[in-house]
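Visitor: File follows, target-v4.cif with mmCIF, C-alpha atoms and all ligand atoms:
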```cif
data_target
#
loop_
_atom_site.label_atom_id
_atom_site.label_comp_id
_atom_site.auth_asym_id
_atom_site.auth_seq_id
_atom_site.Cartn_x
_atom_site.Cartn_y
_atom_site.Cartn_z
CA MET A 222 37.55 30.68 -0.53
CA ARG A 223 37.85 31.24 3.22
CA ILE A 224 35.05 30.68 5.74
CA GLU A 225 35.22 33.24 8.57
CA ARG A 226 32.12 32.24 10.51
CA LEU A 227 29.93 29.15 10.84
CA GLU A 228 26.55 29.21 12.51
CA LEU A 229 24.66 26.10 13.53
CA ARG A 230 20.93 26.09 14.23
CA LEU A 231 18.69 23.27 15.37
CA LEU A 232 15.27 23.79 13.78
CA ARG A 233 11.93 22.06 14.13
CA LEU A 234 9.14 22.40 11.57
CA PRO A 235 5.72 20.70 11.62
CA LEU A 236 5.03 18.55 8.56
CA VAL A 237 1.87 19.27 6.56
CA HIS A 238 1.12 15.50 6.56
CA PHE A 239 2.69 12.77 8.67
CA PHE A 240 5.25 10.64 6.81
CA GLU A 241 5.47 6.90 7.45
CA THR A 242 8.15 4.50 6.26
CA SER A 243 8.92 0.91 7.24
CA PHE A 244 10.74 2.29 10.30
CA GLY A 245 8.00 4.54 11.64
CA ARG A 246 5.84 7.65 11.41
CA VAL A 247 6.97 11.27 11.88
CA HIS A 248 4.80 14.38 12.35
CA ASP A 249 7.53 17.00 12.37
CA ARG A 250 11.08 17.41 11.14
CA THR A 251 14.08 18.37 13.28
CA PHE A 252 17.22 19.31 11.37
CA LEU A 253 20.31 21.52 11.45
CA LEU A 254 20.79 24.60 9.34
CA VAL A 255 24.42 25.55 8.64
CA THR A 256 25.28 29.11 7.64
CA VAL A 257 28.80 30.03 6.51
CA ASP A 258 30.14 33.54 5.91
CA GLY A 259 33.22 34.50 3.91
CA GLU A 260 34.39 37.47 1.89
CA GLY A 261 31.09 39.31 2.23
CA GLU A 262 28.84 36.43 1.09
CA THR A 263 26.77 33.83 2.95
CA GLY A 264 26.14 30.17 2.07
CA TYR A 265 23.55 27.75 3.48
CA GLY A 266 23.48 24.00 4.03
CA GLU A 267 20.75 21.82 5.50
CA CYS A 268 21.70 18.70 7.42
CA VAL A 269 19.41 15.78 6.53
CA ALA A 270 20.01 13.74 9.71
CA GLU A 271 16.74 13.02 11.48
CA ALA A 272 15.83 13.06 15.18
CA SER A 273 16.14 9.23 15.37
CA PRO A 274 18.84 6.92 13.94
CA TYR A 275 16.39 4.79 11.92
CA TYR A 276 17.15 5.71 8.30
CA SER A 277 20.84 6.21 9.08
CA SER A 278 23.02 6.02 12.19
CA GLU A 279 23.34 9.81 12.32
CA THR A 280 20.91 12.03 14.25
CA THR A 281 20.46 15.78 14.74
CA GLU A 282 22.45 15.48 17.97
CA THR A 283 25.35 13.48 16.51
CA THR A 284 25.60 15.86 13.57
CA TRP A 285 25.61 18.86 15.93
CA HIS A 286 28.42 17.28 17.96
CA ILE A 287 30.52 16.28 14.93
CA ILE A 288 30.15 19.63 13.19
CA GLU A 289 30.86 21.68 16.32
CA ARG A 290 33.81 19.62 17.57
CA PHE A 291 35.42 18.25 14.41
CA VAL A 292 34.14 19.71 11.12
CA ALA A 293 33.97 23.42 11.95
CA PRO A 294 37.55 23.61 13.33
CA ARG A 295 38.88 22.05 10.09
CA VAL A 296 36.94 24.39 7.84
CA LEU A 297 37.01 27.74 9.65
CA GLY A 298 39.85 29.96 8.43
CA THR A 299 41.14 27.35 5.95
CA GLU A 300 41.88 28.54 2.43
CA PHE A 301 40.07 26.30 -0.08
CA ALA A 302 40.77 26.72 -3.81
CA HIS A 303 37.43 25.05 -4.58
CA PRO A 304 34.54 23.58 -2.54
CA ARG A 305 35.33 20.12 -3.95
CA ASP A 306 38.39 20.28 -1.63
CA VAL A 307 36.23 20.47 1.53
CA PHE A 308 35.18 16.78 1.68
CA PRO A 309 38.77 15.45 1.27
CA ALA A 310 39.90 17.87 4.02
CA LEU A 311 37.55 16.02 6.41
CA ALA A 312 38.89 12.54 5.63
CA ARG A 313 40.33 12.04 9.11
CA ILE A 314 36.76 12.05 10.46
CA ARG A 315 35.39 8.57 9.78
CA GLY A 316 31.85 8.40 8.41
CA HIS A 317 29.43 11.08 9.60
CA GLN A 318 28.56 11.86 5.98
CA MET A 319 25.46 13.92 6.85
CA ALA A 320 27.40 16.16 9.23
CA LYS A 321 30.14 16.67 6.63
CA ALA A 322 27.65 17.22 3.81
CA ALA A 323 25.79 20.02 5.58
CA VAL A 324 28.98 22.09 5.87
CA GLU A 325 30.36 21.06 2.47
CA MET A 326 27.12 22.03 0.73
CA ALA A 327 27.04 25.40 2.51
CA ALA A 328 30.58 25.94 1.18
CA TRP A 329 29.39 25.17 -2.39
CA ASP A 330 26.57 27.72 -2.04
CA LEU A 331 29.03 30.28 -0.67
CA TYR A 332 31.45 29.63 -3.55
CA ALA A 333 28.73 29.89 -6.21
CA ARG A 334 27.53 33.19 -4.71
CA GLN A 335 31.10 34.52 -4.62
CA GLN A 336 31.48 33.58 -8.30
CA GLY A 337 28.07 35.09 -9.11
CA VAL A 338 26.83 31.86 -10.74
CA PRO A 339 23.93 29.54 -9.94
CA LEU A 340 24.97 26.50 -7.91
CA SER A 341 23.94 24.23 -10.80
CA ARG A 342 26.63 25.84 -12.98
CA ALA A 343 29.31 25.44 -10.29
CA LEU A 344 28.35 21.74 -10.02
CA GLY A 345 28.50 21.16 -13.80
CA GLY A 346 24.74 20.83 -14.30
CA THR A 347 23.21 21.39 -17.72
CA ARG A 348 19.44 21.03 -17.28
CA THR A 349 17.24 24.12 -16.92
CA GLU A 350 14.43 22.11 -15.33
CA ILE A 351 14.19 18.80 -13.48
CA ALA A 352 11.52 16.08 -13.59
CA SER A 353 9.69 15.71 -10.30
CA GLY A 354 8.23 12.62 -8.65
CA VAL A 355 6.67 12.02 -5.24
CA SER A 356 7.31 9.63 -2.40
CA ILE A 357 4.07 8.61 -0.70
CA GLY A 358 4.35 7.15 2.78
CA ILE A 359 2.47 4.21 4.25
CA GLN A 360 -1.14 5.27 4.88
CA ASP A 361 -3.85 4.12 7.27
CA SER A 362 -5.83 2.49 4.44
CA LEU A 363 -5.60 1.63 0.75
CA GLU A 364 -8.40 4.15 0.18
CA GLN A 365 -6.26 6.91 1.70
CA LEU A 366 -3.34 5.80 -0.52
CA ALA A 367 -5.55 5.99 -3.62
CA ASP A 368 -6.69 9.51 -2.65
CA LYS A 369 -3.08 10.67 -2.28
CA ILE A 370 -2.09 9.23 -5.65
CA THR A 371 -5.09 10.90 -7.33
CA THR A 372 -3.99 14.27 -5.89
CA GLU A 373 -0.34 13.88 -6.91
CA LEU A 374 -1.11 12.73 -10.46
CA ALA A 375 -3.47 15.70 -10.86
CA ALA A 376 -0.61 17.99 -9.74
CA GLY A 377 1.45 16.65 -12.67
CA TYR A 378 4.10 14.55 -10.89
CA ARG A 379 6.06 12.35 -13.30
CA ARG A 380 6.24 9.22 -11.17
CA ILE A 381 4.75 7.79 -8.01
CA LYS A 382 6.81 6.01 -5.36
CA ILE A 383 5.03 4.22 -2.56
CA LYS A 384 6.63 3.00 0.62
CA ILE A 385 6.23 -0.69 1.31
CA LYS A 386 6.87 -3.07 4.23
CA PRO A 387 5.78 -6.63 5.01
CA GLY A 388 1.98 -6.47 5.25
CA TRP A 389 1.76 -3.31 3.08
CA ASP A 390 3.21 -4.38 -0.24
CA LEU A 391 1.51 -6.68 -2.79
CA ASP A 392 -2.04 -5.51 -1.98
CA ALA A 393 -1.00 -1.86 -2.17
CA VAL A 394 0.76 -2.30 -5.54
CA GLU A 395 -2.13 -4.40 -6.87
CA MET A 396 -4.60 -1.67 -5.87
CA VAL A 397 -2.49 1.07 -7.53
CA ARG A 398 -2.17 -0.86 -10.79
CA SER A 399 -5.86 -1.75 -10.93
CA ARG A 400 -7.00 1.80 -10.09
CA PHE A 401 -4.40 3.86 -11.99
CA GLY A 402 -3.18 1.61 -14.81
CA PRO A 403 0.34 1.84 -16.29
CA ILE A 404 1.56 4.98 -14.45
CA PRO A 405 5.32 5.27 -13.76
CA LEU A 406 5.41 3.46 -10.42
CA MET A 407 8.12 2.29 -8.01
CA VAL A 408 8.32 1.06 -4.43
CA ASP A 409 10.73 1.80 -1.55
CA ALA A 410 11.15 -0.80 1.21
CA ASN A 411 13.67 1.09 3.39
CA ALA A 412 15.47 -2.15 4.24
CA ALA A 413 12.36 -3.96 5.54
CA TYR A 414 13.03 -7.40 3.96
CA ARG A 415 15.53 -10.28 4.22
CA LEU A 416 17.06 -12.36 1.46
CA SER A 417 14.75 -15.18 2.58
CA ASP A 418 11.85 -12.99 1.29
CA ALA A 419 13.15 -13.32 -2.29
CA SER A 420 10.21 -15.39 -3.55
CA HIS A 421 7.76 -12.96 -1.95
CA LEU A 422 9.53 -9.99 -3.59
CA ALA A 423 9.53 -11.84 -6.94
CA ARG A 424 5.73 -11.59 -6.82
CA LEU A 425 6.16 -7.86 -7.49
CA ASP A 426 7.65 -8.67 -10.91
CA ARG A 427 4.29 -8.89 -12.66
CA PHE A 428 3.47 -5.25 -11.79
CA ASP A 429 6.09 -3.77 -14.14
CA LEU A 430 7.59 -1.48 -11.49
CA MET A 431 10.34 0.94 -12.52
CA MET A 432 12.37 -0.35 -9.58
CA ILE A 433 12.34 -1.57 -5.98
CA GLU A 434 14.40 0.68 -3.73
CA GLN A 435 16.54 -0.73 -0.90
CA PRO A 436 14.70 -4.00 -0.17
CA LEU A 437 17.45 -5.42 2.14
CA ASP A 438 19.72 -4.22 4.95
CA TYR A 439 20.94 -0.62 5.12
CA ASP A 440 24.60 -1.69 4.84
CA ASP A 441 24.24 -4.67 2.52
CA VAL A 442 25.64 -5.15 -0.98
CA ALA A 443 26.13 -8.92 -1.36
CA ASP A 444 22.55 -10.03 -0.58
CA HIS A 445 21.17 -7.40 -2.95
CA ALA A 446 23.34 -8.91 -5.71
CA THR A 447 21.90 -12.35 -4.94
CA LEU A 448 18.36 -10.97 -4.83
CA GLN A 449 18.79 -9.12 -8.14
CA ARG A 450 19.55 -12.47 -9.79
CA GLN A 451 16.24 -13.82 -8.43
CA ILE A 452 13.87 -10.98 -9.35
CA GLN A 453 13.23 -9.08 -12.58
CA THR A 454 12.33 -5.73 -11.03
CA PRO A 455 15.45 -3.53 -11.10
CA ILE A 456 16.94 -2.90 -7.67
CA CYS A 457 17.80 0.70 -6.77
CA LEU A 458 20.08 1.24 -3.79
CA ASP A 459 19.61 4.12 -1.35
CA GLU A 460 20.76 3.40 2.26
CA SER A 461 23.61 1.06 1.22
CA ILE A 462 25.45 3.69 -0.83
CA HIS A 463 27.47 5.63 1.79
CA THR A 464 30.55 6.22 -0.37
CA VAL A 465 31.58 6.32 -4.01
CA LYS A 466 33.68 3.21 -3.36
CA ILE A 467 30.72 1.18 -2.08
CA ALA A 468 28.80 2.27 -5.19
CA GLU A 469 31.62 0.92 -7.33
CA GLU A 470 31.49 -2.40 -5.48
CA ALA A 471 27.69 -2.56 -5.75
CA ILE A 472 27.78 -1.90 -9.50
CA HIS A 473 30.48 -4.52 -10.06
CA ALA A 474 28.61 -7.06 -7.92
CA GLY A 475 25.35 -6.49 -9.85
CA ALA A 476 23.61 -5.40 -6.62
CA CYS A 477 21.68 -2.59 -8.33
CA ARG A 478 20.71 -1.30 -11.77
CA ILE A 479 19.81 2.19 -10.55
CA ILE A 480 21.18 4.44 -7.78
CA ASN A 481 19.40 7.06 -5.67
CA ILE A 482 21.76 9.96 -4.93
CA LYS A 483 21.30 11.93 -1.71
CA PRO A 484 24.24 14.24 -1.06
CA GLY A 485 23.74 13.95 2.71
CA ARG A 486 24.31 10.19 2.51
CA VAL A 487 27.65 10.43 0.69
CA GLY A 488 29.21 13.55 2.27
CA GLY A 489 28.02 16.39 0.05
CA HIS A 490 28.00 17.73 -3.48
CA GLY A 491 31.63 16.82 -4.30
CA PRO A 492 31.15 13.09 -3.61
CA SER A 493 27.69 13.24 -5.28
CA VAL A 494 29.18 14.56 -8.51
CA ARG A 495 31.79 11.77 -8.41
CA LEU A 496 29.04 9.19 -7.75
CA HIS A 497 26.98 10.64 -10.61
CA ASP A 498 29.97 10.40 -12.97
CA LEU A 499 30.78 6.84 -11.87
CA CYS A 500 27.19 5.76 -12.56
CA ALA A 501 27.20 7.51 -15.95
CA ALA A 502 30.38 5.65 -16.91
CA HIS A 503 28.69 2.33 -16.06
CA GLY A 504 25.33 3.04 -17.69
CA ILE A 505 23.57 3.22 -14.31
CA PRO A 506 20.83 5.89 -14.34
CA VAL A 507 20.48 8.00 -11.19
CA TRP A 508 17.76 10.07 -9.58
CA HIS A 509 17.77 12.46 -6.65
CA GLY A 510 16.35 11.22 -3.37
CA GLY A 511 14.63 13.37 -0.77
CA MET A 512 14.84 13.62 3.01
CA LEU A 513 11.79 15.81 3.72
CA GLU A 514 14.00 18.88 3.31
CA SER A 515 12.95 22.48 3.82
CA GLY A 516 13.27 24.77 0.81
CA ILE A 517 16.97 25.24 1.56
CA GLY A 518 17.95 21.58 1.20
CA ARG A 519 15.38 21.23 -1.57
CA ALA A 520 17.07 24.01 -3.58
CA HIS A 521 20.42 22.19 -3.17
CA ASN A 522 18.76 19.03 -4.51
CA ILE A 523 17.32 20.84 -7.53
CA HIS A 524 20.73 22.23 -8.51
CA LEU A 525 22.42 18.83 -8.18
CA SER A 526 19.60 17.19 -10.18
CA SER A 527 20.53 19.40 -13.15
CA LEU A 528 23.50 17.09 -13.93
CA ALA A 529 23.08 15.04 -17.10
CA ASN A 530 22.78 11.51 -15.69
CA PHE A 531 19.81 12.41 -13.45
CA THR A 532 17.60 10.87 -16.13
CA LEU A 533 14.84 9.54 -13.86
CA PRO A 534 12.32 11.72 -11.96
CA GLY A 535 13.48 12.25 -8.36
CA ASP A 536 11.83 12.67 -4.96
CA VAL A 537 12.34 16.45 -5.16
CA ALA A 538 8.80 17.83 -5.01
CA ALA A 539 6.96 21.06 -4.15
CA SER A 540 7.42 22.82 -0.78
CA LYS A 541 3.70 22.74 -0.01
CA ARG A 542 3.67 18.93 0.31
CA TYR A 543 5.93 19.35 3.37
CA TYR A 544 5.91 22.78 5.03
CA GLN A 545 3.45 25.64 4.99
CA PRO A 546 5.01 28.09 5.03
CA ASP A 547 8.42 26.88 3.87
CA LEU A 548 11.60 28.69 4.99
CA VAL A 549 12.12 30.14 1.49
CA GLU A 550 10.23 32.55 -0.73
CA PRO A 551 8.87 31.95 -3.21
CA PRO A 552 8.19 28.33 -2.20
CA ILE A 553 9.40 25.62 -4.57
CA GLU A 554 6.61 24.79 -6.97
CA VAL A 555 6.00 22.09 -9.54
CA ARG A 556 4.60 23.11 -12.92
CA PRO A 557 1.54 21.30 -14.35
CA ASP A 558 3.92 19.27 -16.58
CA GLY A 559 5.70 17.86 -13.49
CA THR A 560 8.90 19.87 -13.81
CA ILE A 561 10.67 22.28 -11.46
CA PRO A 562 12.76 25.09 -13.00
CA VAL A 563 16.38 25.25 -11.80
CA PRO A 564 16.88 28.65 -10.09
CA THR A 565 19.10 31.02 -12.06
CA ALA A 566 20.17 33.58 -9.42
CA PRO A 567 23.64 33.13 -7.82
CA GLY A 568 24.12 30.22 -5.39
CA LEU A 569 20.95 28.44 -4.29
CA GLY A 570 18.90 31.19 -5.93
CA VAL A 571 16.17 31.14 -3.29
CA THR A 572 15.44 33.75 -0.60
CA ILE A 573 15.53 32.54 2.99
CA VAL A 574 13.01 34.23 5.30
CA PRO A 575 14.95 35.09 8.51
CA ASP A 576 11.98 35.39 10.88
CA ARG A 577 10.62 31.99 9.82
CA VAL A 578 14.06 30.51 10.53
CA ALA A 579 14.16 32.35 13.89
CA ARG A 580 10.71 31.05 14.87
CA ALA A 581 11.69 27.44 14.09
CA THR A 582 15.02 27.66 15.96
CA GLU A 583 15.52 25.69 19.20
CA ARG A 584 19.29 26.19 19.65
CA VAL A 585 22.13 28.23 18.06
CA ALA A 586 25.93 28.01 18.08
CA ASP A 587 28.19 30.60 16.51
CA MET A 588 31.81 29.76 15.61
CA ARG A 589 34.49 31.98 14.15
CA ALA A 590 37.92 31.58 12.58
CA THR A 591 40.66 32.52 15.04
O1 LIG A 601 14.09 6.39 1.76
O2 LIG A 601 13.98 7.96 0.36
C1 LIG A 601 13.85 7.55 1.52
C2 LIG A 601 12.35 10.32 3.71
C3 LIG A 601 13.12 10.19 4.86
C4 LIG A 601 14.06 9.20 4.92
C5 LIG A 601 14.25 8.33 3.83
C6 LIG A 601 13.51 8.47 2.68
C7 LIG A 601 12.52 9.45 2.63
C8 LIG A 601 11.63 9.62 1.50
C9 LIG A 601 10.98 10.98 1.36
O3 LIG A 601 11.32 8.75 0.73
C10 LIG A 601 11.36 11.68 0.13
C11 LIG A 601 10.86 13.09 0.18
O4 LIG A 601 9.71 13.30 -0.20
O5 LIG A 601 11.63 13.99 0.60
MG MG A 602 14.74 5.42 -0.02
#
```
Could you take the file, read its structure, and then write that structure out as structure tokens?
Guide:
Amino acid sequence: MRIERLELRLLRLPLVHFFETSFGRVHDRTFLLVTVDGEGETGYGECVAEASPYYSSETTETTWHIIERFVAPRVLGTEFAHPRDVFPALARIRGHQMAKAAVEMAAWDLYARQQGVPLSRALGGTRTEIASGVSIGIQDSLEQLADKITTELAAGYRRIKIKIKPGWDLDAVEMVRSRFGPIPLMVDANAAYRLSDASHLARLDRFDLMMIEQPLDYDDVADHATLQRQIQTPICLDESIHTVKIAEEAIHAGACRIINIKPGRVGGHGPSVRLHDLCAAHGIPVWHGGMLESGIGRAHNIHLSSLANFTLPGDVAASKRYYQPDLVEPPIEVRPDGTIPVPTAPGLGVTIVPDRVARATERVADMRAT
């Protein structure tokens, strides 16, 4: 596989509903779209870095810089036997997993299209459909939260995740349990607590949550291991897992019982498959996280979620919760039983609508192999 051309676009799309986490509220989504061409086919990757460095240290501007100056020159014109070789070829660039992932994932799509197989097959996935859950942000009132949950349960979603932070935690969970009973429920703190909050977090134990996601610092392993010994609710790590090696350390330390896989956070599909396999070998179930992706990144997530150890419903939900219209046709939809079929056409298996991409574009760069 040889990539002849790489195009970078900075896009902005308005969100259907604002999304609020412990680090703030967003009303629209800025992200990069990477297009790679080679041997008559085209592959697409979506960069999940956000406008602000609050979830991770990367931003749309840092990813643009790193891809343009460092990733593209190492990928353009290079002969790769397989897309799993792309991430190792970028090892000299420290970190910047989201920048690397956007290009690496576009290379996987390109490869799958060249082979004429769905991306899920190229990745080693076996499921024909994935179980879908939703992530519900912090709302203005508990009433508004209850309304959202009612809507999502009616749509068929297989589990509800609510965002929590100090001041929006025990009361919110208490309300959900008393109004909705024993639904599959979890919480995501996005690093909003300290180890000194352990006794407060232990008060969540009586609500029988599936897990608490990333309660402590974005780069912490050791305190999570201490916290896990003090609470019964299983800890799931998101932000802390930047590499397969850190995941190994976290598993050995007992810092988590579940891992959320986001390919953007670990450098792409290749590292995600390795992380998935590591977790499977240690009996750690995984699920696929979400980063408010357009239909392009969402399709990548669906294909990756078809691997066997994605046994828990992920945050990969229907397009219409985020963007109307989405950048792809048909939009990604969830069936009444809460599943999403894995596309079967070659590569991502979704059709990108060029004039919707053009309308959302704020900047373009075009790079070619020399
Ligand atoms: O922590 O999983 C997270 C969105 C942006 C940044 C971080 C996270 C999220 C979500 C949204 O929870 C998941 C989604 O619906 O795409
Ligand atoms: Mg999270």
Visitor: Find the residues near Asp258 in chain A: any atom within 9 Å, counting all atoms listed in the file, skip ones fewer than 5 places away on the same chain, and give them as a list in words.
Guide: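 Contacts, in chain order: Arg223, Ile224, Glu225, Arg226, Leu227, Glu228, Thr263, Gly264, Ala328 and Leu331 of chain A.
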Visitor: Let's have the selection written as a compact mmCIF listing (two decimals), keeping the file's coordinate frame, with C-alpha atoms.
Guide:
```txt
# COMPACT_ATOMS: atom_id res chain seq x y z
CA ARG A 223 37.85 31.24 3.22
CA ILE A 224 35.05 30.68 5.74
CA GLU A 225 35.22 33.24 8.57
CA ARG A 226 32.12 32.24 10.51
CA LEU A 227 29.93 29.15 10.84
CA GLU A 228 26.55 29.21 12.51
CA THR A 263 26.77 33.83 2.95
CA GLY A 264 26.14 30.17 2.07
CA ALA A 328 30.58 25.94 1.18
CA LEU A 331 29.03 30.28 -0.67
```
Visitor: Which of these, A:Pro405, A:Gly358, A:Pro339, A:Pro387, has the shortest distance to ligand LIG 601 (chain A) once you count only C-alpha atoms and all ligand atoms?
Guide: A:Gly358
Visitor: All residues within 6 Å of ligand LIG 601 (chain A) are required, counting only C-alpha atoms and all ligand atoms; please report them as a list of chain:residue names.
Guide: A:Tyr276, A:Ser356, A:Asn411, A:Gly510, A:Gly511, A:Met512, A:Leu513, A:Asp536
Visitor: Taking all atoms listed in the file into account, name the residue in A:Arg478, A:His317, A:Lys382, A:His445 that is nearest to ligand MG 602 (chain A).
Guide: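 Among the listed residues, A:Lys382 lies closest to ligand MG 602 (chain A).
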Visitor: Which residue is closest to ligand MG 602 (chain A)? Choose from A:Pro403, A:Pro436, A:Pro552, A:Gly354 and count all atoms listed in the file.
Guide: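 Checking each of A:Pro403, A:Pro436, A:Pro552, A:Gly354 against ligand MG 602 (chain A), counting all atoms listed in the file, the winner is A:Pro436.
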Visitor: Write as a list in words the residues around ligand MG 602 (chain A), taking 7 Å as the cut-off and counting only C-alpha atoms and all ligand atoms.
Guide: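 After applying the 7 Å limit, what remains is Asp409, Asn411, Glu434, Gln435, Asp459, Glu460 and Gly510 of chain A.
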Visitor: Considering only C-alpha atoms, state which residue in the set A:Arg342, A:Lys369, A:Arg400, A:His509 is at the smallest distance from Asp330 in chain A.
Guide: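 Comparing A:Arg342, A:Lys369, A:Arg400, A:His509 against Asp330 in chain A, the winner is A:Arg342.
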Visitor: Tell me, in Å to one decimal, how far CA of Ala322 in chain A is from CA of Gly346 in chain A.
Guide: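 So the two atoms, CA of Ala322 in chain A and CA of Gly346 in chain A, lie 18.7 Å apart.
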Visitor: Which residues come within 12 Å of Val255 in chain A, counting all atoms listed in the file, excluding same-chain residues fewer than 4 positions away, as number ranges by chain?
Guide: A: 226-232, 263-269, 284-285, 288-289, 292-293, 319-328, 330-331, 517-518, 578, 585-588
Visitor: Out of A:Glu282, A:Asp441, A:Glu271, A:Glu350, which residue has the shortest atom-to-atom distance to Val563 in chain A when counting all atoms listed in the file?
Guide: A:Glu350
Visitor: Compute the distance from (-0.1, -0.7, -12.9) to each atom, counting only C-alpha atoms, keep the residues with any atom at most 12 Å away, and return them as a list in words; use the coordinates of the file.
Guide: Arg380, Ile381, Leu391, Ala393, Val394, Glu395, Met396, Val397, Arg398, Ser399, Arg400, Phe401, Gly402, Pro403, Ile404, Pro405, Leu406, Met407, Leu425, Asp426, Arg427, Phe428, Asp429, Leu430 and Met431 of chain A
Visitor: Compile the contact shell of range 446-448 of chain A as an mmCIF file with C-alpha atoms, keeping the file's coordinate frame: residues with an atom at most 10 Å away, counting all atoms listed in the file, same-chain residues fewer than 3 positions apart removed.
Guide:
```cif
data_model
loop_
_atom_site.group_PDB
_atom_site.id
_atom_site.type_symbol
_atom_site.label_atom_id
_atom_site.label_comp_id
_atom_site.auth_asym_id
_atom_site.auth_seq_id
_atom_site.Cartn_x
_atom_site.Cartn_y
_atom_site.Cartn_z
ATOM 1 C CA ARG A 415 15.530 -10.280 4.220
ATOM 2 C CA LEU A 416 17.060 -12.360 1.460
ATOM 3 C CA SER A 417 14.750 -15.180 2.580
ATOM 4 C CA ASP A 418 11.850 -12.990 1.290
ATOM 5 C CA ALA A 419 13.150 -13.320 -2.290
ATOM 6 C CA SER A 420 10.210 -15.390 -3.550
ATOM 7 C CA LEU A 422 9.530 -9.990 -3.590
ATOM 8 C CA ALA A 423 9.530 -11.840 -6.940
ATOM 9 C CA PRO A 436 14.700 -4.000 -0.170
ATOM 10 C CA LEU A 437 17.450 -5.420 2.140
ATOM 11 C CA ASP A 441 24.240 -4.670 2.520
ATOM 12 C CA VAL A 442 25.640 -5.150 -0.980
ATOM 13 C CA ALA A 443 26.130 -8.920 -1.360
ATOM 14 C CA GLN A 451 16.240 -13.820 -8.430
ATOM 15 C CA ILE A 452 13.870 -10.980 -9.350
ATOM 16 C CA GLN A 453 13.230 -9.080 -12.580
ATOM 17 C CA ILE A 456 16.940 -2.900 -7.670
ATOM 18 C CA ALA A 471 27.690 -2.560 -5.750
ATOM 19 C CA ILE A 472 27.780 -1.900 -9.500
ATOM 20 C CA HIS A 473 30.480 -4.520 -10.060
ATOM 21 C CA ALA A 474 28.610 -7.060 -7.920
ATOM 22 C CA GLY A 475 25.350 -6.490 -9.850
ATOM 23 C CA ALA A 476 23.610 -5.400 -6.620
ATOM 24 C CA CYS A 477 21.680 -2.590 -8.330
#
```
Visitor: To one decimal place in Å, what is the distance between CA of Ser493 in chain A and CA of Arg315 in chain A?
Guide: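 Taking CA of Ser493 in chain A as the start and CA of Arg315 in chain A as the end point, the length is 17.5 Å.
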Visitor: CA of Gly570 in chain A to CA of Ser526 in chain A: how many Å, to one decimal?
Guide: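 So the two atoms, CA of Gly570 in chain A and CA of Ser526 in chain A, lie 14.6 Å apart.
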Visitor: Could you check which of A:Gly489, A:Tyr439, A:Asn522, A:Leu366 is closest to Pro274 in chain A, using all atoms listed in the file?
Guide: A:Tyr439
Visitor: Residues proximal to (31.9, 33.9, -0.5) were defined as those with any atom within 6 Å of that point in the file's coordinates, counting only C-alpha atoms. Which are they, as a PyMOL selection string?
Guide: chain A and resi 259-260+262+331-332+335
Visitor: Excluding Gln336 in chain A and residues on its chain fewer than 6 positions from it, collect all residues at most 10 Å away from it, counting only C-alpha atoms, and give them as JSON, numbers by chain.
Guide: {"A": [330, 343, 567, 568]}
Visitor: Do a neighbour search on range 556-561 of chain A at 7 Å with only C-alpha atoms, toss out local chain neighbours closer than 2 positions, and write the hits as a ChimeraX atom specification.
Guide: /A:350-353,376-379,554,563
Visitor: Can you pull range 525-549 of chain A out of that block with C-alpha atoms and hand it back as a PDB file, in the first residue's frame?
Guide:
```
ATOM      1  CA  LEU A 525     -13.584  -1.750  15.494  1.00  0.00           C
ATOM      2  CA  SER A 526     -16.433  -2.637  17.898  1.00  0.00           C
ATOM      3  CA  SER A 527     -17.028  -5.826  15.872  1.00  0.00           C
ATOM      4  CA  LEU A 528     -14.014  -7.464  17.588  1.00  0.00           C
ATOM      5  CA  ALA A 529     -14.925 -10.249  20.012  1.00  0.00           C
ATOM      6  CA  ASN A 530     -13.932  -8.695  23.359  1.00  0.00           C
ATOM      7  CA  PHE A 531     -16.163  -5.624  22.851  1.00  0.00           C
ATOM      8  CA  THR A 532     -18.685  -7.363  25.106  1.00  0.00           C
ATOM      9  CA  LEU A 533     -20.197  -4.253  26.727  1.00  0.00           C
ATOM     10  CA  PRO A 534     -22.417  -1.698  24.924  1.00  0.00           C
ATOM     11  CA  GLY A 535     -20.331   1.281  23.771  1.00  0.00           C
ATOM     12  CA  ASP A 536     -20.865   5.025  23.331  1.00  0.00           C
ATOM     13  CA  VAL A 537     -21.339   4.538  19.577  1.00  0.00           C
ATOM     14  CA  ALA A 538     -24.873   5.809  18.953  1.00  0.00           C
ATOM     15  CA  ALA A 539     -27.039   7.123  16.105  1.00  0.00           C
ATOM     16  CA  SER A 540     -25.957  10.086  13.938  1.00  0.00           C
ATOM     17  CA  LYS A 541     -29.114  12.054  14.700  1.00  0.00           C
ATOM     18  CA  ARG A 542     -28.151  12.497  18.375  1.00  0.00           C
ATOM     19  CA  TYR A 543     -25.204  14.620  17.169  1.00  0.00           C
ATOM     20  CA  TYR A 544     -25.489  16.071  13.655  1.00  0.00           C
ATOM     21  CA  GLN A 545     -28.435  16.752  11.388  1.00  0.00           C
ATOM     22  CA  PRO A 546     -27.554  16.190   8.676  1.00  0.00           C
ATOM     23  CA  ASP A 547     -24.503  13.994   9.275  1.00  0.00           C
ATOM     24  CA  LEU A 548     -21.643  13.927   6.732  1.00  0.00           C
ATOM     25  CA  VAL A 549     -22.611  10.407   5.596  1.00  0.00           C
TER      26      VAL A 549
END
```
